[in-house]
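Taking it in order: structure first as structure tokens, then the write-up.
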Amino acid sequence: MTTTSAAQAFAALHDPAAPLRLANAWDVASARIVEAAGAPAVATTSAGVAWSLGSPDGDVLGRERAVDLVRRVVAAVGVPVSADIEGGFGADPDGVAGTVAAVVRAGAAGINIEDGPRDPADQAERLAAARAAAGPELYVNARIDTYLFGLGEPGPARLDETLRRAEAYLAAGASGIFVPGTTDPAVVAELAKGIPAPLNVLVGPGAPSVSELGALGVARVSLGSSVAEAAYAVARRAAAELLSSGTYGAVADGLEYRDLNALLRGDA
């Protein structure tokens, strides 16, 4: 699969009638596990990637290490890969463009880029630079953090601000909009109604089902960093149990060694 064909295939997966389901990966092993489960695409989680490489999340991990991880994941799987590049690993639009160009060379079919507390006008410039560096095919998922970070006044004002940002980011070249931080059906329905592009939401325990979200207009659902968090929780429980009671129940349901090893050999 060429980079162009992978990007086209990835974009086509965004459909509210059958929302794209992304159990985000953070290394080659987790990416292969996701692919082996039948996923039509793999997306990385920037937090999980950073943690696995010994860095905190939040634009601390260097560009080279982040891109190297994308390159290894792309080489390890046969489905399109979307790379979470945090805020773009660049201090200005030119820096973001350099990151995106490197990610494209690594073979990614899409990127996820977040605004956080950044000024929306500045973010639109960064997205425009990302699009120019990416070319027309790469799927650019623009994350809006109004709900995740509680930016602005809650209620209608926050919804209006989110929609204003979405309009600006789409005009700058984004392919779709990611709004983590809310799965309230009423809010999600208004977001889907007001955003003329595929809507992505962050899901987890307590969120509506994928089919329910699709009925509201959601085209993509992501587990984000929660899969990595769950994996690390097992490590903490196992260590605490071993060191306290001297028992081993926390690792009772792990993947079989032979199965995981076969998956990494490529013969699973």
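Naming works like this for the structure tokens: A, B, ... for the chains as they're shown, residue 1 at the start of each chain, ligands 1 onward in shown order.
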Write out as a PDB file with N, CA and C atoms, in the first residue's frame all residues of stretch 43-242 of chain A that backbone DSSP assigns to alpha helix (DSSP H).
```
ATOM      1  N   SER A  46      -0.282   9.741  21.506  1.00  0.00           N
ATOM      2  CA  SER A  46       0.944  10.481  21.822  1.00  0.00           C
ATOM      3  C   SER A  46       1.371  10.258  23.267  1.00  0.00           C
ATOM      4  N   ALA A  47       0.393  10.166  24.169  1.00  0.00           N
ATOM      5  CA  ALA A  47       0.738   9.942  25.573  1.00  0.00           C
ATOM      6  C   ALA A  47       1.403   8.585  25.747  1.00  0.00           C
ATOM      7  N   GLY A  48       0.794   7.539  25.182  1.00  0.00           N
ATOM      8  CA  GLY A  48       1.363   6.207  25.296  1.00  0.00           C
ATOM      9  C   GLY A  48       2.740   6.111  24.669  1.00  0.00           C
ATOM     10  N   VAL A  49       2.916   6.743  23.518  1.00  0.00           N
ATOM     11  CA  VAL A  49       4.218   6.753  22.858  1.00  0.00           C
ATOM     12  C   VAL A  49       5.254   7.434  23.750  1.00  0.00           C
ATOM     13  N   ALA A  50       4.903   8.609  24.263  1.00  0.00           N
ATOM     14  CA  ALA A  50       5.846   9.340  25.113  1.00  0.00           C
ATOM     15  C   ALA A  50       6.221   8.518  26.341  1.00  0.00           C
ATOM     16  N   TRP A  51       5.219   7.946  27.005  1.00  0.00           N
ATOM     17  CA  TRP A  51       5.493   7.154  28.203  1.00  0.00           C
ATOM     18  C   TRP A  51       6.406   5.972  27.896  1.00  0.00           C
ATOM     19  N   SER A  52       6.130   5.299  26.789  1.00  0.00           N
ATOM     20  CA  SER A  52       6.927   4.116  26.452  1.00  0.00           C
ATOM     21  C   SER A  52       8.377   4.472  26.147  1.00  0.00           C
ATOM     22  N   ARG A  63      11.017  15.414  18.227  1.00  0.00           N
ATOM     23  CA  ARG A  63      10.441  15.055  16.932  1.00  0.00           C
ATOM     24  C   ARG A  63      11.056  13.773  16.366  1.00  0.00           C
ATOM     25  N   GLU A  64      12.374  13.660  16.433  1.00  0.00           N
ATOM     26  CA  GLU A  64      13.029  12.515  15.805  1.00  0.00           C
ATOM     27  C   GLU A  64      12.566  11.196  16.411  1.00  0.00           C
ATOM     28  N   ARG A  65      12.461  11.149  17.726  1.00  0.00           N
ATOM     29  CA  ARG A  65      12.027   9.913  18.383  1.00  0.00           C
ATOM     30  C   ARG A  65      10.573   9.618  18.071  1.00  0.00           C
ATOM     31  N   ALA A  66       9.744  10.653  18.016  1.00  0.00           N
ATOM     32  CA  ALA A  66       8.335  10.447  17.690  1.00  0.00           C
ATOM     33  C   ALA A  66       8.180   9.920  16.266  1.00  0.00           C
ATOM     34  N   VAL A  67       8.890  10.505  15.325  1.00  0.00           N
ATOM     35  CA  VAL A  67       8.789  10.077  13.929  1.00  0.00           C
ATOM     36  C   VAL A  67       9.356   8.672  13.751  1.00  0.00           C
ATOM     37  N   ASP A  68      10.431   8.365  14.465  1.00  0.00           N
ATOM     38  CA  ASP A  68      11.004   7.015  14.375  1.00  0.00           C
ATOM     39  C   ASP A  68       9.992   5.964  14.815  1.00  0.00           C
ATOM     40  N   LEU A  69       9.228   6.257  15.854  1.00  0.00           N
ATOM     41  CA  LEU A  69       8.195   5.319  16.304  1.00  0.00           C
ATOM     42  C   LEU A  69       7.128   5.147  15.234  1.00  0.00           C
ATOM     43  N   VAL A  70       6.720   6.235  14.592  1.00  0.00           N
ATOM     44  CA  VAL A  70       5.738   6.145  13.505  1.00  0.00           C
ATOM     45  C   VAL A  70       6.280   5.259  12.385  1.00  0.00           C
ATOM     46  N   ARG A  71       7.524   5.465  12.024  1.00  0.00           N
ATOM     47  CA  ARG A  71       8.137   4.684  10.948  1.00  0.00           C
ATOM     48  C   ARG A  71       8.123   3.188  11.276  1.00  0.00           C
ATOM     49  N   ARG A  72       8.422   2.849  12.503  1.00  0.00           N
ATOM     50  CA  ARG A  72       8.463   1.436  12.892  1.00  0.00           C
ATOM     51  C   ARG A  72       7.066   0.823  12.927  1.00  0.00           C
ATOM     52  N   VAL A  73       6.083   1.582  13.381  1.00  0.00           N
ATOM     53  CA  VAL A  73       4.710   1.069  13.389  1.00  0.00           C
ATOM     54  C   VAL A  73       4.206   0.873  11.961  1.00  0.00           C
ATOM     55  N   VAL A  74       4.448   1.848  11.097  1.00  0.00           N
ATOM     56  CA  VAL A  74       4.011   1.728   9.700  1.00  0.00           C
ATOM     57  C   VAL A  74       4.628   0.488   9.057  1.00  0.00           C
ATOM     58  N   ALA A  75       5.907   0.250   9.323  1.00  0.00           N
ATOM     59  CA  ALA A  75       6.587  -0.901   8.726  1.00  0.00           C
ATOM     60  C   ALA A  75       6.077  -2.221   9.281  1.00  0.00           C
ATOM     61  N   ALA A  76       5.479  -2.194  10.476  1.00  0.00           N
ATOM     62  CA  ALA A  76       5.086  -3.430  11.152  1.00  0.00           C
ATOM     63  C   ALA A  76       3.678  -3.897  10.814  1.00  0.00           C
ATOM     64  N   PRO A  93       4.755  27.557  12.758  1.00  0.00           N
ATOM     65  CA  PRO A  93       4.223  26.794  11.622  1.00  0.00           C
ATOM     66  C   PRO A  93       5.286  26.082  10.806  1.00  0.00           C
ATOM     67  N   ASP A  94       6.446  26.705  10.622  1.00  0.00           N
ATOM     68  CA  ASP A  94       7.510  26.040   9.866  1.00  0.00           C
ATOM     69  C   ASP A  94       7.974  24.772  10.571  1.00  0.00           C
ATOM     70  N   GLY A  95       8.043  24.839  11.904  1.00  0.00           N
ATOM     71  CA  GLY A  95       8.426  23.654  12.652  1.00  0.00           C
ATOM     72  C   GLY A  95       7.408  22.545  12.525  1.00  0.00           C
ATOM     73  N   VAL A  96       6.121  22.902  12.556  1.00  0.00           N
ATOM     74  CA  VAL A  96       5.061  21.908  12.361  1.00  0.00           C
ATOM     75  C   VAL A  96       5.166  21.300  10.970  1.00  0.00           C
ATOM     76  N   ALA A  97       5.417  22.138   9.971  1.00  0.00           N
ATOM     77  CA  ALA A  97       5.553  21.639   8.603  1.00  0.00           C
ATOM     78  C   ALA A  97       6.689  20.630   8.499  1.00  0.00           C
ATOM     79  N   GLY A  98       7.786  20.902   9.197  1.00  0.00           N
ATOM     80  CA  GLY A  98       8.902  19.963   9.176  1.00  0.00           C
ATOM     81  C   GLY A  98       8.538  18.631   9.784  1.00  0.00           C
ATOM     82  N   THR A  99       7.767  18.662  10.877  1.00  0.00           N
ATOM     83  CA  THR A  99       7.313  17.420  11.502  1.00  0.00           C
ATOM     84  C   THR A  99       6.400  16.646  10.566  1.00  0.00           C
ATOM     85  N   VAL A 100       5.455  17.332   9.980  1.00  0.00           N
ATOM     86  CA  VAL A 100       4.495  16.656   9.102  1.00  0.00           C
ATOM     87  C   VAL A 100       5.195  16.061   7.893  1.00  0.00           C
ATOM     88  N   ALA A 101       6.132  16.780   7.313  1.00  0.00           N
ATOM     89  CA  ALA A 101       6.873  16.234   6.177  1.00  0.00           C
ATOM     90  C   ALA A 101       7.604  14.954   6.570  1.00  0.00           C
ATOM     91  N   ALA A 102       8.175  14.935   7.768  1.00  0.00           N
ATOM     92  CA  ALA A 102       8.877  13.743   8.244  1.00  0.00           C
ATOM     93  C   ALA A 102       7.915  12.591   8.476  1.00  0.00           C
ATOM     94  N   VAL A 103       6.726  12.889   9.007  1.00  0.00           N
ATOM     95  CA  VAL A 103       5.728  11.854   9.257  1.00  0.00           C
ATOM     96  C   VAL A 103       5.226  11.266   7.938  1.00  0.00           C
ATOM     97  N   VAL A 104       5.065  12.120   6.937  1.00  0.00           N
ATOM     98  CA  VAL A 104       4.656  11.627   5.611  1.00  0.00           C
ATOM     99  C   VAL A 104       5.723  10.702   5.044  1.00  0.00           C
ATOM    100  N   ARG A 105       6.987  11.098   5.165  1.00  0.00           N
ATOM    101  CA  ARG A 105       8.076  10.236   4.692  1.00  0.00           C
ATOM    102  C   ARG A 105       8.098   8.914   5.448  1.00  0.00           C
ATOM    103  N   PRO A 120      -6.497  30.110  18.852  1.00  0.00           N
ATOM    104  CA  PRO A 120      -7.037  29.446  17.663  1.00  0.00           C
ATOM    105  C   PRO A 120      -6.496  29.995  16.346  1.00  0.00           C
ATOM    106  N   ALA A 121      -6.234  31.304  16.275  1.00  0.00           N
ATOM    107  CA  ALA A 121      -5.682  31.866  15.038  1.00  0.00           C
ATOM    108  C   ALA A 121      -4.281  31.317  14.779  1.00  0.00           C
ATOM    109  N   ASP A 122      -3.505  31.176  15.832  1.00  0.00           N
ATOM    110  CA  ASP A 122      -2.173  30.583  15.711  1.00  0.00           C
ATOM    111  C   ASP A 122      -2.287  29.126  15.282  1.00  0.00           C
ATOM    112  N   GLN A 123      -3.238  28.423  15.876  1.00  0.00           N
ATOM    113  CA  GLN A 123      -3.423  27.022  15.510  1.00  0.00           C
ATOM    114  C   GLN A 123      -3.835  26.871  14.055  1.00  0.00           C
ATOM    115  N   ALA A 124      -4.666  27.766  13.562  1.00  0.00           N
ATOM    116  CA  ALA A 124      -5.067  27.702  12.157  1.00  0.00           C
ATOM    117  C   ALA A 124      -3.854  27.864  11.248  1.00  0.00           C
ATOM    118  N   GLU A 125      -2.926  28.721  11.610  1.00  0.00           N
ATOM    119  CA  GLU A 125      -1.700  28.878  10.820  1.00  0.00           C
ATOM    120  C   GLU A 125      -0.868  27.602  10.847  1.00  0.00           C
ATOM    121  N   ARG A 126      -0.815  26.966  11.982  1.00  0.00           N
ATOM    122  CA  ARG A 126      -0.051  25.726  12.108  1.00  0.00           C
ATOM    123  C   ARG A 126      -0.708  24.620  11.276  1.00  0.00           C
ATOM    124  N   LEU A 127      -2.033  24.584  11.272  1.00  0.00           N
ATOM    125  CA  LEU A 127      -2.732  23.582  10.463  1.00  0.00           C
ATOM    126  C   LEU A 127      -2.551  23.849   8.978  1.00  0.00           C
ATOM    127  N   ALA A 128      -2.546  25.107   8.587  1.00  0.00           N
ATOM    128  CA  ALA A 128      -2.310  25.433   7.181  1.00  0.00           C
ATOM    129  C   ALA A 128      -0.913  24.977   6.758  1.00  0.00           C
ATOM    130  N   ALA A 129       0.060  25.165   7.644  1.00  0.00           N
ATOM    131  CA  ALA A 129       1.417  24.706   7.346  1.00  0.00           C
ATOM    132  C   ALA A 129       1.474  23.187   7.271  1.00  0.00           C
ATOM    133  N   ALA A 130       0.724  22.543   8.163  1.00  0.00           N
ATOM    134  CA  ALA A 130       0.673  21.078   8.133  1.00  0.00           C
ATOM    135  C   ALA A 130       0.090  20.590   6.815  1.00  0.00           C
ATOM    136  N   ARG A 131      -0.982  21.209   6.374  1.00  0.00           N
ATOM    137  CA  ARG A 131      -1.604  20.794   5.118  1.00  0.00           C
ATOM    138  C   ARG A 131      -0.666  21.027   3.936  1.00  0.00           C
ATOM    139  N   ALA A 132       0.017  22.156   3.913  1.00  0.00           N
ATOM    140  CA  ALA A 132       0.938  22.434   2.815  1.00  0.00           C
ATOM    141  C   ALA A 132       2.058  21.398   2.760  1.00  0.00           C
ATOM    142  N   ALA A 133       2.530  20.993   3.933  1.00  0.00           N
ATOM    143  CA  ALA A 133       3.602  19.991   3.970  1.00  0.00           C
ATOM    144  C   ALA A 133       3.096  18.596   3.659  1.00  0.00           C
ATOM    145  N   ALA A 134       1.827  18.342   3.978  1.00  0.00           N
ATOM    146  CA  ALA A 134       1.274  17.001   3.838  1.00  0.00           C
ATOM    147  C   ALA A 134       0.841  16.680   2.425  1.00  0.00           C
ATOM    148  N   PRO A 156     -23.700  26.619  26.200  1.00  0.00           N
ATOM    149  CA  PRO A 156     -23.757  27.074  24.804  1.00  0.00           C
ATOM    150  C   PRO A 156     -22.507  27.828  24.357  1.00  0.00           C
ATOM    151  N   ALA A 157     -21.897  28.582  25.258  1.00  0.00           N
ATOM    152  CA  ALA A 157     -20.705  29.355  24.887  1.00  0.00           C
ATOM    153  C   ALA A 157     -19.559  28.437  24.490  1.00  0.00           C
ATOM    154  N   ARG A 158     -19.379  27.353  25.230  1.00  0.00           N
ATOM    155  CA  ARG A 158     -18.296  26.424  24.899  1.00  0.00           C
ATOM    156  C   ARG A 158     -18.592  25.709  23.575  1.00  0.00           C
ATOM    157  N   LEU A 159     -19.829  25.355  23.361  1.00  0.00           N
ATOM    158  CA  LEU A 159     -20.200  24.741  22.086  1.00  0.00           C
ATOM    159  C   LEU A 159     -19.930  25.704  20.935  1.00  0.00           C
ATOM    160  N   ASP A 160     -20.335  26.953  21.090  1.00  0.00           N
ATOM    161  CA  ASP A 160     -20.118  27.939  20.031  1.00  0.00           C
ATOM    162  C   ASP A 160     -18.636  28.132  19.755  1.00  0.00           C
ATOM    163  N   GLU A 161     -17.823  28.181  20.807  1.00  0.00           N
ATOM    164  CA  GLU A 161     -16.385  28.341  20.620  1.00  0.00           C
ATOM    165  C   GLU A 161     -15.793  27.140  19.887  1.00  0.00           C
ATOM    166  N   THR A 162     -16.266  25.955  20.229  1.00  0.00           N
ATOM    167  CA  THR A 162     -15.791  24.744  19.556  1.00  0.00           C
ATOM    168  C   THR A 162     -16.132  24.779  18.073  1.00  0.00           C
ATOM    169  N   LEU A 163     -17.330  25.186  17.764  1.00  0.00           N
ATOM    170  CA  LEU A 163     -17.751  25.257  16.361  1.00  0.00           C
ATOM    171  C   LEU A 163     -16.982  26.340  15.608  1.00  0.00           C
ATOM    172  N   ARG A 164     -16.689  27.449  16.264  1.00  0.00           N
ATOM    173  CA  ARG A 164     -15.886  28.492  15.616  1.00  0.00           C
ATOM    174  C   ARG A 164     -14.489  27.979  15.297  1.00  0.00           C
ATOM    175  N   ARG A 165     -13.895  27.269  16.255  1.00  0.00           N
ATOM    176  CA  ARG A 165     -12.570  26.709  15.999  1.00  0.00           C
ATOM    177  C   ARG A 165     -12.625  25.684  14.873  1.00  0.00           C
ATOM    178  N   ALA A 166     -13.645  24.842  14.883  1.00  0.00           N
ATOM    179  CA  ALA A 166     -13.768  23.831  13.825  1.00  0.00           C
ATOM    180  C   ALA A 166     -13.843  24.490  12.459  1.00  0.00           C
ATOM    181  N   GLU A 167     -14.620  25.548  12.345  1.00  0.00           N
ATOM    182  CA  GLU A 167     -14.739  26.250  11.060  1.00  0.00           C
ATOM    183  C   GLU A 167     -13.388  26.787  10.602  1.00  0.00           C
ATOM    184  N   ALA A 168     -12.649  27.392  11.530  1.00  0.00           N
ATOM    185  CA  ALA A 168     -11.342  27.949  11.184  1.00  0.00           C
ATOM    186  C   ALA A 168     -10.346  26.858  10.814  1.00  0.00           C
ATOM    187  N   TYR A 169     -10.382  25.757  11.532  1.00  0.00           N
ATOM    188  CA  TYR A 169      -9.416  24.691  11.289  1.00  0.00           C
ATOM    189  C   TYR A 169      -9.712  23.970   9.964  1.00  0.00           C
ATOM    190  N   LEU A 170     -10.978  23.813   9.647  1.00  0.00           N
ATOM    191  CA  LEU A 170     -11.325  23.207   8.361  1.00  0.00           C
ATOM    192  C   LEU A 170     -10.927  24.128   7.222  1.00  0.00           C
ATOM    193  N   ALA A 171     -11.123  25.422   7.395  1.00  0.00           N
ATOM    194  CA  ALA A 171     -10.717  26.376   6.369  1.00  0.00           C
ATOM    195  C   ALA A 171      -9.206  26.359   6.168  1.00  0.00           C
ATOM    196  N   PRO A 185     -24.667  13.010  24.786  1.00  0.00           N
ATOM    197  CA  PRO A 185     -25.363  12.871  23.503  1.00  0.00           C
ATOM    198  C   PRO A 185     -25.871  14.184  22.930  1.00  0.00           C
ATOM    199  N   ALA A 186     -26.393  15.063  23.779  1.00  0.00           N
ATOM    200  CA  ALA A 186     -26.912  16.331  23.277  1.00  0.00           C
ATOM    201  C   ALA A 186     -25.800  17.190  22.688  1.00  0.00           C
ATOM    202  N   VAL A 187     -24.656  17.220  23.367  1.00  0.00           N
ATOM    203  CA  VAL A 187     -23.526  18.005  22.876  1.00  0.00           C
ATOM    204  C   VAL A 187     -22.963  17.390  21.600  1.00  0.00           C
ATOM    205  N   VAL A 188     -22.792  16.076  21.606  1.00  0.00           N
ATOM    206  CA  VAL A 188     -22.238  15.396  20.442  1.00  0.00           C
ATOM    207  C   VAL A 188     -23.131  15.604  19.223  1.00  0.00           C
ATOM    208  N   ALA A 189     -24.422  15.528  19.413  1.00  0.00           N
ATOM    209  CA  ALA A 189     -25.346  15.733  18.294  1.00  0.00           C
ATOM    210  C   ALA A 189     -25.201  17.139  17.725  1.00  0.00           C
ATOM    211  N   GLU A 190     -25.047  18.138  18.594  1.00  0.00           N
ATOM    212  CA  GLU A 190     -24.874  19.509  18.115  1.00  0.00           C
ATOM    213  C   GLU A 190     -23.534  19.683  17.401  1.00  0.00           C
ATOM    214  N   LEU A 191     -22.508  19.033  17.910  1.00  0.00           N
ATOM    215  CA  LEU A 191     -21.206  19.092  17.243  1.00  0.00           C
ATOM    216  C   LEU A 191     -21.279  18.474  15.851  1.00  0.00           C
ATOM    217  N   ALA A 192     -21.883  17.306  15.767  1.00  0.00           N
ATOM    218  CA  ALA A 192     -21.995  16.636  14.467  1.00  0.00           C
ATOM    219  C   ALA A 192     -22.828  17.464  13.494  1.00  0.00           C
ATOM    220  N   LYS A 193     -23.862  18.096  14.000  1.00  0.00           N
ATOM    221  CA  LYS A 193     -24.727  18.927  13.158  1.00  0.00           C
ATOM    222  C   LYS A 193     -23.990  20.165  12.661  1.00  0.00           C
ATOM    223  N   GLY A 194     -23.151  20.741  13.516  1.00  0.00           N
ATOM    224  CA  GLY A 194     -22.515  22.010  13.197  1.00  0.00           C
ATOM    225  C   GLY A 194     -21.165  21.917  12.525  1.00  0.00           C
ATOM    226  N   VAL A 210     -20.593   2.627  20.311  1.00  0.00           N
ATOM    227  CA  VAL A 210     -20.194   3.112  18.994  1.00  0.00           C
ATOM    228  C   VAL A 210     -21.413   3.315  18.098  1.00  0.00           C
ATOM    229  N   SER A 211     -22.340   2.378  18.115  1.00  0.00           N
ATOM    230  CA  SER A 211     -23.521   2.512  17.260  1.00  0.00           C
ATOM    231  C   SER A 211     -24.365   3.709  17.680  1.00  0.00           C
ATOM    232  N   GLU A 212     -24.464   3.959  18.987  1.00  0.00           N
ATOM    233  CA  GLU A 212     -25.219   5.126  19.457  1.00  0.00           C
ATOM    234  C   GLU A 212     -24.548   6.427  19.029  1.00  0.00           C
ATOM    235  N   LEU A 213     -23.238   6.460  19.105  1.00  0.00           N
ATOM    236  CA  LEU A 213     -22.511   7.649  18.674  1.00  0.00           C
ATOM    237  C   LEU A 213     -22.636   7.842  17.168  1.00  0.00           C
ATOM    238  N   GLY A 214     -22.590   6.753  16.418  1.00  0.00           N
ATOM    239  CA  GLY A 214     -22.776   6.858  14.976  1.00  0.00           C
ATOM    240  C   GLY A 214     -24.131   7.440  14.633  1.00  0.00           C
ATOM    241  N   ALA A 215     -25.154   7.034  15.365  1.00  0.00           N
ATOM    242  CA  ALA A 215     -26.493   7.564  15.123  1.00  0.00           C
ATOM    243  C   ALA A 215     -26.566   9.065  15.401  1.00  0.00           C
ATOM    244  N   LEU A 216     -25.662   9.566  16.247  1.00  0.00           N
ATOM    245  CA  LEU A 216     -25.604  10.998  16.535  1.00  0.00           C
ATOM    246  C   LEU A 216     -24.799  11.759  15.484  1.00  0.00           C
ATOM    247  N   SER A 226      -6.135   5.463  26.929  1.00  0.00           N
ATOM    248  CA  SER A 226      -6.686   4.590  27.967  1.00  0.00           C
ATOM    249  C   SER A 226      -6.217   3.143  27.848  1.00  0.00           C
ATOM    250  N   VAL A 227      -5.904   2.681  26.641  1.00  0.00           N
ATOM    251  CA  VAL A 227      -5.405   1.304  26.504  1.00  0.00           C
ATOM    252  C   VAL A 227      -4.016   1.199  27.137  1.00  0.00           C
ATOM    253  N   ALA A 228      -3.159   2.171  26.851  1.00  0.00           N
ATOM    254  CA  ALA A 228      -1.834   2.183  27.480  1.00  0.00           C
ATOM    255  C   ALA A 228      -1.958   2.318  28.992  1.00  0.00           C
ATOM    256  N   GLU A 229      -2.866   3.166  29.445  1.00  0.00           N
ATOM    257  CA  GLU A 229      -3.070   3.336  30.881  1.00  0.00           C
ATOM    258  C   GLU A 229      -3.490   2.022  31.535  1.00  0.00           C
ATOM    259  N   ALA A 230      -4.370   1.281  30.859  1.00  0.00           N
ATOM    260  CA  ALA A 230      -4.813  -0.003  31.401  1.00  0.00           C
ATOM    261  C   ALA A 230      -3.665  -1.001  31.456  1.00  0.00           C
ATOM    262  N   ALA A 231      -2.821  -0.987  30.425  1.00  0.00           N
ATOM    263  CA  ALA A 231      -1.673  -1.900  30.420  1.00  0.00           C
ATOM    264  C   ALA A 231      -0.716  -1.592  31.557  1.00  0.00           C
ATOM    265  N   TYR A 232      -0.453  -0.305  31.779  1.00  0.00           N
ATOM    266  CA  TYR A 232       0.446   0.074  32.867  1.00  0.00           C
ATOM    267  C   TYR A 232      -0.191  -0.179  34.229  1.00  0.00           C
ATOM    268  N   ALA A 233      -1.512  -0.129  34.294  1.00  0.00           N
ATOM    269  CA  ALA A 233      -2.194  -0.452  35.548  1.00  0.00           C
ATOM    270  C   ALA A 233      -1.968  -1.908  35.923  1.00  0.00           C
ATOM    271  N   VAL A 234      -1.943  -2.789  34.916  1.00  0.00           N
ATOM    272  CA  VAL A 234      -1.649  -4.200  35.182  1.00  0.00           C
ATOM    273  C   VAL A 234      -0.242  -4.336  35.769  1.00  0.00           C
ATOM    274  N   ALA A 235       0.718  -3.602  35.191  1.00  0.00           N
ATOM    275  CA  ALA A 235       2.091  -3.663  35.713  1.00  0.00           C
ATOM    276  C   ALA A 235       2.140  -3.210  37.166  1.00  0.00           C
ATOM    277  N   ARG A 236       1.404  -2.151  37.493  1.00  0.00           N
ATOM    278  CA  ARG A 236       1.402  -1.667  38.874  1.00  0.00           C
ATOM    279  C   ARG A 236       0.734  -2.660  39.815  1.00  0.00           C
ATOM    280  N   ARG A 237      -0.399  -3.231  39.390  1.00  0.00           N
ATOM    281  CA  ARG A 237      -1.080  -4.213  40.246  1.00  0.00           C
ATOM    282  C   ARG A 237      -0.214  -5.444  40.460  1.00  0.00           C
ATOM    283  N   ALA A 238       0.445  -5.886  39.388  1.00  0.00           N
ATOM    284  CA  ALA A 238       1.281  -7.081  39.508  1.00  0.00           C
ATOM    285  C   ALA A 238       2.440  -6.837  40.466  1.00  0.00           C
ATOM    286  N   ALA A 239       3.077  -5.680  40.336  1.00  0.00           N
ATOM    287  CA  ALA A 239       4.201  -5.368  41.223  1.00  0.00           C
ATOM    288  C   ALA A 239       3.735  -5.238  42.671  1.00  0.00           C
ATOM    289  N   ALA A 240       2.611  -4.536  42.879  1.00  0.00           N
ATOM    290  CA  ALA A 240       2.111  -4.349  44.242  1.00  0.00           C
ATOM    291  C   ALA A 240       1.721  -5.677  44.874  1.00  0.00           C
ATOM    292  N   GLU A 241       1.079  -6.554  44.097  1.00  0.00           N
ATOM    293  CA  GLU A 241       0.663  -7.853  44.633  1.00  0.00           C
ATOM    294  C   GLU A 241       1.882  -8.707  44.987  1.00  0.00           C
ATOM    295  N   LEU A 242       2.857  -8.741  44.075  1.00  0.00           N
ATOM    296  CA  LEU A 242       4.053  -9.540  44.312  1.00  0.00           C
ATOM    297  C   LEU A 242       4.802  -9.071  45.560  1.00  0.00           C
TER     298      LEU A 242
END
```
Please report, as an MDAnalysis selection string, each residue of stretch 30-262 of chain A to which DSSP assigns strand (DSSP E) when run on this structure's backbone. chainID A and resid 42:43 81:84 110:114 139:143 176:178 199:202 220:222
For the selection you just gave me, I'd like the residues written to a file as a short mmCIF file (atom, residue, chain, number, x, y, z; two decimals), in the first residue's frame, keeping N, CA and C atoms.
```
data_model
loop_
_atom_site.label_atom_id
_atom_site.label_comp_id
_atom_site.auth_asym_id
_atom_site.auth_seq_id
_atom_site.Cartn_x
_atom_site.Cartn_y
_atom_site.Cartn_z
N VAL A 42 -4.68 1.64 12.28
CA VAL A 42 -4.02 1.79 13.57
C VAL A 42 -3.75 3.27 13.78
N ALA A 43 -4.05 3.75 14.98
CA ALA A 43 -3.70 5.12 15.36
C ALA A 43 -2.84 5.07 16.61
N VAL A 81 -1.92 3.88 9.00
CA VAL A 81 -1.53 4.33 10.33
C VAL A 81 -1.71 5.84 10.44
N SER A 82 -2.40 6.27 11.50
CA SER A 82 -2.53 7.69 11.80
C SER A 82 -1.64 7.99 13.00
N ALA A 83 -0.84 9.04 12.88
CA ALA A 83 0.14 9.38 13.91
C ALA A 83 -0.33 10.57 14.73
N ASP A 84 -0.38 10.40 16.04
CA ASP A 84 -0.68 11.49 16.95
C ASP A 84 0.62 12.27 17.16
N GLY A 110 -2.32 9.48 8.15
CA GLY A 110 -3.03 10.57 8.79
C GLY A 110 -2.23 11.08 9.97
N ILE A 111 -2.64 12.24 10.45
CA ILE A 111 -2.04 12.80 11.65
C ILE A 111 -3.15 13.34 12.55
N ASN A 112 -2.82 13.46 13.81
CA ASN A 112 -3.68 14.09 14.80
C ASN A 112 -2.88 15.22 15.41
N ILE A 113 -3.41 16.44 15.38
CA ILE A 113 -2.68 17.59 15.91
C ILE A 113 -3.62 18.40 16.79
N GLU A 114 -3.17 18.76 17.98
CA GLU A 114 -4.03 19.35 18.99
C GLU A 114 -3.78 20.84 19.16
N TYR A 139 -4.73 12.58 5.89
CA TYR A 139 -5.88 12.93 6.72
C TYR A 139 -5.38 13.71 7.92
N VAL A 140 -5.79 14.97 8.01
CA VAL A 140 -5.39 15.85 9.10
C VAL A 140 -6.56 15.99 10.08
N ASN A 141 -6.41 15.38 11.24
CA ASN A 141 -7.44 15.39 12.26
C ASN A 141 -7.09 16.50 13.26
N ALA A 142 -7.89 17.56 13.28
CA ALA A 142 -7.61 18.70 14.15
C ALA A 142 -8.33 18.53 15.48
N ARG A 143 -7.55 18.42 16.55
CA ARG A 143 -8.13 18.23 17.88
C ARG A 143 -8.42 19.58 18.52
N GLY A 176 -10.78 16.53 9.29
CA GLY A 176 -11.79 16.17 10.27
C GLY A 176 -11.50 16.86 11.57
N ILE A 177 -12.45 16.77 12.49
CA ILE A 177 -12.35 17.45 13.78
C ILE A 177 -12.50 16.43 14.91
N PHE A 178 -11.59 16.53 15.88
CA PHE A 178 -11.57 15.66 17.05
C PHE A 178 -11.90 16.51 18.27
N LEU A 199 -16.55 13.83 12.43
CA LEU A 199 -16.36 14.14 13.84
C LEU A 199 -15.79 12.93 14.56
N ASN A 200 -14.75 13.17 15.35
CA ASN A 200 -14.07 12.15 16.16
C ASN A 200 -14.30 12.49 17.63
N VAL A 201 -14.67 11.49 18.45
CA VAL A 201 -14.78 11.72 19.89
C VAL A 201 -13.96 10.68 20.62
N LEU A 202 -13.60 11.02 21.86
CA LEU A 202 -12.83 10.14 22.73
C LEU A 202 -13.80 9.35 23.60
N ARG A 220 -15.89 8.73 13.90
CA ARG A 220 -14.66 8.10 14.39
C ARG A 220 -14.64 8.13 15.91
N VAL A 221 -14.33 7.00 16.53
CA VAL A 221 -14.21 6.94 17.98
C VAL A 221 -12.82 6.44 18.34
N SER A 222 -12.24 7.01 19.38
CA SER A 222 -10.88 6.68 19.78
C SER A 222 -10.83 6.37 21.26
#
```
